[in-house]
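Everything below belongs to target30.cif, which stores mmCIF, C-alpha atoms and all ligand atoms.
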```cif
data_start
#
loop_
_atom_site.label_atom_id
_atom_site.label_comp_id
_atom_site.auth_asym_id
_atom_site.auth_seq_id
_atom_site.Cartn_x
_atom_site.Cartn_y
_atom_site.Cartn_z
CA MET A 1 0.00 0.00 0.00
CA SER A 2 1.45 3.36 -1.00
CA ALA A 3 1.81 6.09 1.67
CA ALA A 4 -0.40 9.18 1.42
CA PRO A 5 1.41 12.14 -0.15
CA PRO A 6 2.28 15.08 2.09
CA ARG A 7 -0.56 17.51 2.59
CA LEU A 8 1.80 20.29 1.52
CA ALA A 9 5.19 19.79 -0.14
CA VAL A 10 7.30 22.81 -1.07
CA SER A 11 10.59 22.30 -2.84
CA GLY A 12 13.26 24.84 -3.80
CA LEU A 13 10.93 27.83 -3.40
CA THR A 14 12.63 31.09 -4.32
CA VAL A 15 10.88 34.47 -4.42
CA SER A 16 12.36 37.85 -5.22
CA PHE A 17 10.92 41.35 -5.38
CA ALA A 18 11.85 44.27 -7.60
CA VAL A 19 13.96 46.95 -5.92
CA GLY A 20 14.16 50.24 -7.80
CA LEU A 21 14.35 50.09 -11.59
CA TRP A 22 16.78 47.25 -12.09
CA GLY A 23 17.47 45.50 -8.82
CA ARG A 24 15.86 42.50 -7.17
CA ARG A 25 15.88 41.43 -3.53
CA ILE A 26 15.67 37.73 -2.74
CA ALA A 27 13.04 37.36 -0.02
CA VAL A 28 12.88 33.55 0.02
CA ASP A 29 15.90 31.51 -1.00
CA ASP A 30 15.55 27.83 -1.92
CA VAL A 31 13.08 26.91 0.83
CA SER A 32 11.80 23.34 1.07
CA LEU A 33 9.28 22.05 3.60
CA HIS A 34 6.52 19.52 3.92
CA LEU A 35 3.54 18.89 6.16
CA SER A 36 2.01 15.44 6.65
CA PRO A 37 -1.75 15.05 7.09
CA GLY A 38 -2.68 16.05 10.66
CA GLU A 39 0.71 17.64 11.32
CA VAL A 40 1.20 21.11 12.82
CA VAL A 41 4.44 22.77 11.78
CA GLY A 42 5.63 26.07 13.18
CA LEU A 43 7.58 28.49 11.01
CA ILE A 44 9.37 31.02 13.16
CA GLY A 45 11.69 33.91 12.44
CA GLU A 46 12.03 37.62 13.02
CA SER A 47 10.04 40.14 10.97
CA GLY A 48 11.28 40.36 7.40
CA SER A 49 12.74 36.84 7.47
CA GLY A 50 10.43 35.73 4.64
CA LYS A 51 7.85 33.68 6.59
CA THR A 52 4.80 35.42 5.14
CA THR A 53 6.27 35.34 1.65
CA VAL A 54 6.74 31.57 1.95
CA ALA A 55 3.09 31.22 3.00
CA ARG A 56 1.73 33.32 0.16
CA ALA A 57 3.94 31.78 -2.51
CA ALA A 58 3.16 28.25 -1.28
CA LEU A 59 -0.54 28.94 -1.79
CA GLY A 60 0.09 30.48 -5.20
CA LEU A 61 -1.04 33.94 -4.09
CA ILE A 62 2.18 35.60 -5.26
CA PRO A 63 4.51 34.51 -8.05
CA ALA A 64 7.68 32.55 -7.30
CA ASP A 65 10.93 32.71 -9.26
CA ALA A 66 11.52 28.98 -8.81
CA GLY A 67 10.29 25.98 -6.92
CA ARG A 68 7.53 23.38 -6.88
CA VAL A 69 4.48 23.13 -4.64
CA HIS A 70 2.17 20.13 -4.28
CA LEU A 71 -1.05 19.91 -2.27
CA ASP A 72 -1.97 16.28 -1.57
CA GLY A 73 0.35 15.25 -4.39
CA VAL A 74 -1.19 17.63 -6.95
CA ALA A 75 1.19 20.19 -8.49
CA MET A 76 0.24 23.86 -8.39
CA PRO A 77 -1.34 24.76 -11.75
CA ALA A 78 -0.74 27.98 -13.67
CA PRO A 79 -2.58 31.09 -12.38
CA GLY A 80 -6.30 31.18 -13.14
CA ALA A 81 -9.35 29.05 -12.48
CA ALA A 82 -7.36 25.82 -12.18
CA ARG A 83 -5.16 27.31 -9.48
CA ARG A 84 -8.16 28.65 -7.57
CA ALA A 85 -9.71 25.17 -7.66
CA TRP A 86 -6.40 23.62 -6.54
CA ARG A 87 -6.22 26.02 -3.60
CA ARG A 88 -9.79 25.35 -2.48
CA GLY A 89 -8.71 22.86 0.17
CA ALA A 90 -6.27 25.33 1.73
CA GLN A 91 -7.18 28.41 3.74
CA LEU A 92 -5.09 31.35 4.92
CA VAL A 93 -5.73 32.81 8.40
CA LEU A 94 -4.36 36.31 8.80
CA GLN A 95 -3.35 38.35 11.83
CA ASP A 96 -5.77 41.04 10.70
CA PRO A 97 -9.04 39.40 9.61
CA ASP A 98 -10.62 42.66 8.42
CA GLY A 99 -9.68 41.96 4.78
CA MET A 100 -11.91 38.88 4.80
CA LEU A 101 -14.86 40.52 6.60
CA ASN A 102 -17.55 42.64 4.94
CA PRO A 103 -18.33 45.75 7.03
CA GLY A 104 -22.00 45.61 5.98
CA MET A 105 -22.59 41.98 7.01
CA THR A 106 -23.41 40.65 10.47
CA ALA A 107 -21.43 37.87 12.13
CA ALA A 108 -24.28 35.47 11.37
CA GLU A 109 -24.29 36.42 7.70
CA HIS A 110 -20.53 35.88 7.46
CA LEU A 111 -20.77 32.39 8.94
CA ILE A 112 -23.85 31.38 6.92
CA GLU A 113 -22.22 32.60 3.72
CA SER A 114 -19.14 30.46 4.36
CA ALA A 115 -21.30 27.44 5.26
CA GLU A 116 -23.28 27.86 2.02
CA LEU A 117 -20.13 28.25 -0.08
CA HIS A 118 -18.66 25.08 1.43
CA PRO A 119 -21.46 22.54 1.83
CA GLY A 120 -21.02 20.00 4.62
CA GLU A 121 -23.15 17.76 6.78
CA GLY A 122 -26.36 19.53 7.85
CA GLN A 123 -28.06 22.79 6.91
CA ALA A 124 -25.84 25.83 6.39
CA LYS A 125 -27.69 27.83 9.10
CA ALA A 126 -27.32 25.05 11.67
CA ARG A 127 -23.61 24.64 10.86
CA ALA A 128 -23.10 28.39 11.15
CA GLU A 129 -24.84 28.46 14.55
CA ALA A 130 -22.74 25.53 15.78
CA MET A 131 -19.57 27.33 14.64
CA ALA A 132 -20.71 30.55 16.35
CA ALA A 133 -21.13 28.57 19.58
CA ALA A 134 -17.68 26.98 19.19
CA MET A 135 -16.18 30.44 18.62
CA GLY A 136 -18.01 31.97 21.61
CA LEU A 137 -19.94 34.28 19.29
CA SER A 138 -23.52 33.10 19.85
CA ALA A 139 -24.44 36.35 21.62
CA ARG A 140 -22.83 38.47 18.91
CA LEU A 141 -24.50 37.09 15.80
CA HIS A 142 -26.22 40.37 14.93
CA ALA A 143 -23.10 42.49 15.33
CA ARG A 144 -21.22 43.86 12.33
CA PRO A 145 -17.38 43.75 12.25
CA ALA A 146 -17.02 47.33 13.55
CA GLU A 147 -19.13 46.40 16.60
CA LEU A 148 -16.95 43.38 17.45
CA SER A 149 -13.75 43.47 19.49
CA GLY A 150 -10.45 42.57 17.81
CA GLY A 151 -10.53 39.10 19.39
CA GLU A 152 -14.13 38.55 18.27
CA ARG A 153 -13.28 39.56 14.70
CA ARG A 154 -10.41 37.05 14.67
CA ARG A 155 -12.70 34.31 15.96
CA LEU A 156 -15.26 35.24 13.30
CA GLY A 157 -12.57 35.07 10.59
CA LEU A 158 -11.37 31.71 11.92
CA GLY A 159 -14.97 30.44 12.06
CA ARG A 160 -15.40 31.28 8.39
CA VAL A 161 -12.20 29.42 7.57
CA LEU A 162 -13.14 26.32 9.60
CA LEU A 163 -16.58 26.15 7.94
CA ALA A 164 -14.72 25.60 4.67
CA SER A 165 -13.35 22.33 6.20
CA PRO A 166 -9.87 23.01 4.80
CA ARG A 167 -7.32 20.19 4.53
CA LEU A 168 -4.58 22.75 5.14
CA ILE A 169 -4.59 25.97 7.16
CA VAL A 170 -1.76 28.44 6.84
CA ALA A 171 -2.06 30.76 9.84
CA ASP A 172 0.08 33.90 9.68
CA GLU A 173 0.64 35.40 13.16
CA PRO A 174 -2.94 34.51 14.17
CA THR A 175 -2.39 35.35 17.84
CA ALA A 176 -0.26 38.51 17.59
CA GLY A 177 -1.44 41.22 19.96
CA LEU A 178 -3.73 38.94 21.98
CA ASP A 179 -3.29 38.34 25.71
CA ALA A 180 -2.05 34.92 26.87
CA HIS A 181 -5.55 33.60 27.62
CA ARG A 182 -6.95 34.63 24.23
CA LYS A 183 -3.87 33.22 22.45
CA ALA A 184 -4.40 29.79 23.99
CA GLU A 185 -8.13 29.94 23.25
CA LEU A 186 -7.61 30.85 19.59
CA LEU A 187 -4.93 28.20 19.10
CA ASP A 188 -7.20 25.57 20.65
CA LEU A 189 -9.87 26.51 18.11
CA LEU A 190 -7.38 26.50 15.27
CA LEU A 191 -5.99 23.09 16.14
CA ALA A 192 -9.24 21.38 17.18
CA GLY A 193 -10.29 18.52 14.94
CA ARG A 194 -7.00 18.23 13.08
CA GLY A 195 -6.49 14.60 14.12
CA PRO A 196 -9.80 13.16 12.88
CA SER A 197 -9.87 15.29 9.72
CA GLY A 198 -6.16 15.03 8.93
CA ARG A 199 -6.04 18.79 8.59
CA ALA A 200 -2.48 20.11 8.58
CA VAL A 201 -1.58 23.54 9.96
CA LEU A 202 1.41 25.71 9.09
CA LEU A 203 1.62 28.16 11.99
CA ILE A 204 3.71 31.24 11.30
CA SER A 205 4.87 33.28 14.26
CA HIS A 206 7.79 34.98 15.93
CA ASP A 207 6.60 33.65 19.32
CA LEU A 208 8.88 30.63 19.84
CA PRO A 209 7.43 29.30 23.16
CA LEU A 210 3.87 29.51 21.85
CA VAL A 211 4.73 27.77 18.59
CA ALA A 212 6.70 25.07 20.42
CA TRP A 213 3.67 24.40 22.61
CA ALA A 214 1.27 24.14 19.67
CA CYS A 215 3.37 22.36 17.03
CA ASP A 216 4.77 18.93 16.22
CA ARG A 217 7.77 20.30 14.37
CA LEU A 218 9.52 23.67 14.11
CA LEU A 219 11.28 25.37 11.22
CA VAL A 220 13.40 28.47 11.80
CA MET A 221 13.92 31.10 9.10
CA VAL A 222 16.66 33.71 8.91
CA GLN A 223 16.96 36.12 5.97
CA GLY A 224 14.87 34.04 3.59
CA ARG A 225 16.40 30.65 4.39
CA ILE A 226 15.46 27.75 6.63
CA VAL A 227 18.35 27.47 9.10
CA GLU A 228 17.00 24.85 11.49
CA GLY A 229 14.27 22.22 11.71
CA PHE A 230 13.50 19.82 14.56
CA PRO A 231 10.69 18.13 16.52
CA ALA A 232 9.14 20.69 18.88
CA ARG A 233 9.54 18.38 21.90
CA ARG A 234 13.35 18.64 21.47
CA LEU A 235 13.43 22.41 21.81
CA GLY A 236 16.22 23.32 24.22
CA GLN A 237 17.80 19.85 24.07
CA LEU A 238 19.78 20.28 20.83
CA GLY A 239 22.84 22.16 19.70
CA HIS A 240 20.67 24.91 18.26
CA HIS A 241 21.31 27.51 15.60
CA PRO A 242 22.43 30.79 17.21
CA PHE A 243 19.15 32.43 16.15
CA THR A 244 17.04 29.72 17.84
CA ALA A 245 19.23 29.85 20.95
CA ALA A 246 18.89 33.64 21.10
CA ALA A 247 15.09 33.37 20.73
CA LEU A 248 15.05 30.88 23.61
CA ARG A 249 17.14 33.18 25.79
CA ALA A 250 14.83 36.09 24.91
CA ALA A 251 11.94 33.92 26.14
CA GLY A 252 13.72 33.47 29.49
CA ARG A 253 15.25 30.01 28.89
CA PRO A 254 19.04 30.06 29.38
CA THR A 255 20.47 28.36 26.27
CA PRO A 256 24.08 28.13 25.08
CA GLY A 257 24.77 29.82 21.75
CA HIS A 258 26.68 32.67 20.16
CA ALA A 259 25.35 36.13 21.00
CA LEU A 260 23.71 38.05 18.14
CA ASN A 261 24.02 41.78 17.65
CA PRO A 262 20.54 42.97 16.62
CA GLU A 263 21.92 46.25 15.25
CA ALA A 264 24.30 44.78 12.64
CA GLU A 265 23.20 44.56 9.00
CA PRO A 266 22.68 41.18 7.30
CA SER A 267 25.68 39.92 5.38
CA LEU A 268 25.23 39.51 1.63
CA ARG A 269 27.98 36.86 1.36
CA GLY A 270 28.39 33.70 3.34
CA CYS A 271 26.09 33.28 6.34
CA ALA A 272 23.46 36.05 6.55
CA LEU A 273 24.30 36.43 10.25
CA ALA A 274 28.08 36.74 9.75
CA ARG A 275 28.08 40.39 10.87
CA ARG A 276 25.72 39.79 13.77
CA CYS A 277 27.04 36.54 15.22
CA ALA A 278 29.73 36.52 17.92
CA GLY A 279 30.83 33.06 16.74
CA ALA A 280 31.45 34.10 13.12
CA THR A 281 34.75 33.01 11.56
CA ALA A 282 36.33 33.72 8.16
CA ARG A 283 34.51 30.64 6.85
CA CYS A 284 31.16 32.16 7.90
CA THR A 285 31.84 35.33 5.90
CA GLU A 286 32.80 33.36 2.77
CA GLU A 287 30.57 30.32 2.69
CA ALA A 288 26.82 30.10 3.32
CA PRO A 289 26.26 27.09 5.59
CA PRO A 290 24.14 24.40 3.90
CA LEU A 291 21.12 22.93 5.67
CA THR A 292 22.52 19.62 6.91
CA ASP A 293 20.79 16.58 8.37
CA ARG A 294 22.36 15.99 11.78
CA GLY A 295 20.23 12.91 12.45
CA ASP A 296 17.13 12.37 14.57
CA ASP A 297 15.09 14.85 12.50
CA HIS A 298 17.45 17.73 13.24
CA LEU A 299 18.30 19.97 10.29
CA LEU A 300 20.83 22.72 10.85
CA ALA A 301 22.62 25.37 8.77
CA CYS A 302 25.51 26.69 10.85
CA HIS A 303 29.29 26.17 10.59
CA HIS A 304 29.80 26.42 14.35
CA PRO A 305 26.69 25.39 16.28
CA SER A 306 26.85 25.32 20.05
CA ALA A 307 27.04 22.05 21.94
CA PRO A 308 23.69 20.66 23.15
S1 LIG B 1 27.42 30.04 10.25
FE1 LIG B 1 28.83 31.26 11.49
S2 LIG B 1 27.97 33.34 11.45
FE2 LIG B 1 26.37 31.94 10.75
S3 LIG B 1 25.21 31.51 12.59
FE3 LIG B 1 26.73 29.86 12.39
S4 LIG B 1 28.52 30.55 13.59
FE4 LIG B 1 27.18 32.34 13.29
#
```

Using structure tokens, write down the structure from this file.
Ligand code: SF4
Amino acid sequence: MSAAPPRLAVSGLTVSFAVGLWGRRIAVDDVSLHLSPGEVVGLIGESGSGKTTVARAALGLIPADAGRVHLDGVAMPAPGAARRAWRRGAQLVLQDPDGMLNPGMTAAEHLIESAELHPGEGQAKARAEAMAAAMGLSARLHARPAELSGGERRRLGLGRVLLASPRLIVADEPTAGLDAHRKAELLDLLLAGRGPSGRAVLLISHDLPLVAWACDRLLVMVQGRIVEGFPARRLGQLGHHPFTAAALRAAGRPTPGHALNPEAEPSLRGCALARRCAGATARCTEEAPPLTDRGDDHLLACHHPSAP
């Protein structure tokens, strides 16, 4: 019996943007990742590291310079109706849900519309009411987006997404700006039902402890590249990349690793952190470290990682 294909498989994804009249800036450089059915993978990195660009390019929402993307084994088609149909099983959850909400529609109308667009078991109205209850919005069904709090709008946006029964959710900073209680609540809603349905979730965030709590596996991005990947349960037990170690220290967990100077500019040759990293050597300034399999599901791109 053949194994099921990955829910999402991205290979060699490279995306660049125009800078000025002639220049181009590489935002995502040869990124590969995969998510199995039911798996939750966290993609972490500082702002501008390319996380959101990976998400948008992987769903075919922005053009890529190179790379291949498969959803459930099906290659991304050319832009147009075929690509929209291909993407139907995948949904994007944004930090700011306002772009997906209509100011003139009530919460109930938003949920019913999504239930009607994505038929499932039971009447659309009943499914919408059940989703409103799950999202804690039953008492707010007649409110329009402007009358809802920020947290309520996010739950409404997430409710719309879940009513589509997506096989893949790409959630881009879904909990940013929420207090700890609301973060946990929203993540519980996001992750509920993934086991039985096989839904996979790519959770993008700069909040390392939160992502480690929610995810099966973590990927770390620096300056457009994946520099580390490992099972979330092993966080803090590995010889981590200096960026991961610094993020752990920033979260209050003492972790060995070279200090990083946040003020220094990225290096355009060799390792992107060569000017920021206290452990940088001549090799780091000349040669970009390849992403290497160190065994036991640990991928690392660093010439001089710290000891575990
Ligand atoms: S490759 Fe060198 S500069 Fe880059 S993170 Fe590792 S030690 Fe630091």

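Residues in contact with A:Asp293 at 12 Å, where all atoms listed in the file are counted and same-chain residues fewer than 2 positions away are skipped, are listed as Val227, Glu228, Gly229, Phe230, Pro290, Leu291, Gly295, Asp296, Asp297, His298, Leu299, Leu300, Ala301 and Cys302 of chain A.
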
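The spacing separating atom CA of A:Ala259 from atom CA of A:Ala278 amounts to 5.4 Å.
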
Judged by all atoms listed in the file, the minimum distance to A:Met100 among A:Val161, A:Leu137, A:Ala115, A:Leu71 is found for A:Val161

Please identify every residue of chain A that has at least one atom no farther than 7 Å from an atom of ligand LIG 1 (chain B), counting all atoms listed in the file, and for each give the shortest atom pair and the distance in Å to one decimal, arranged by chain then increasing number, as a tab-separated table.
```
residue	atom	partner	partner_atom	distance
A:His241	CA	B:LIG1	S3	6.3
A:Pro242	CA	B:LIG1	S3	5.4
A:His258	CA	B:LIG1	FE4	6.9
A:Cys271	CA	B:LIG1	FE2	4.6
A:Ala272	CA	B:LIG1	FE2	6.6
A:Leu273	CA	B:LIG1	S2	4.9
A:Ala274	CA	B:LIG1	S2	3.8
A:Cys277	CA	B:LIG1	FE4	4.6
A:Ala278	CA	B:LIG1	FE4	6.7
A:Gly279	CA	B:LIG1	S4	4.6
A:Ala280	CA	B:LIG1	S2	3.9
A:Thr281	CA	B:LIG1	FE1	6.2
A:Cys284	CA	B:LIG1	FE1	4.4
A:Ala288	CA	B:LIG1	S1	7.0
A:Pro289	CA	B:LIG1	S1	5.6
A:Ala301	CA	B:LIG1	S1	6.9
A:Cys302	CA	B:LIG1	FE3	3.7
A:His303	CA	B:LIG1	S1	4.3
A:His304	CA	B:LIG1	S4	4.4
A:Pro305	CA	B:LIG1	FE3	5.9
```

How would the residues just picked look written out with C-alpha atoms as a compact mmCIF listing (two decimals), keeping the file's coordinate frame?
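Here's the written file selection.txt:
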```txt
# COMPACT_ATOMS: atom_id res chain seq x y z
CA HIS A 241 21.31 27.51 15.60
CA PRO A 242 22.43 30.79 17.21
CA HIS A 258 26.68 32.67 20.16
CA CYS A 271 26.09 33.28 6.34
CA ALA A 272 23.46 36.05 6.55
CA LEU A 273 24.30 36.43 10.25
CA ALA A 274 28.08 36.74 9.75
CA CYS A 277 27.04 36.54 15.22
CA ALA A 278 29.73 36.52 17.92
CA GLY A 279 30.83 33.06 16.74
CA ALA A 280 31.45 34.10 13.12
CA THR A 281 34.75 33.01 11.56
CA CYS A 284 31.16 32.16 7.90
CA ALA A 288 26.82 30.10 3.32
CA PRO A 289 26.26 27.09 5.59
CA ALA A 301 22.62 25.37 8.77
CA CYS A 302 25.51 26.69 10.85
CA HIS A 303 29.29 26.17 10.59
CA HIS A 304 29.80 26.42 14.35
CA PRO A 305 26.69 25.39 16.28
```

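Between atom CA of A:Arg155 and atom CA of A:Arg87 the separation is 22.2 Å.
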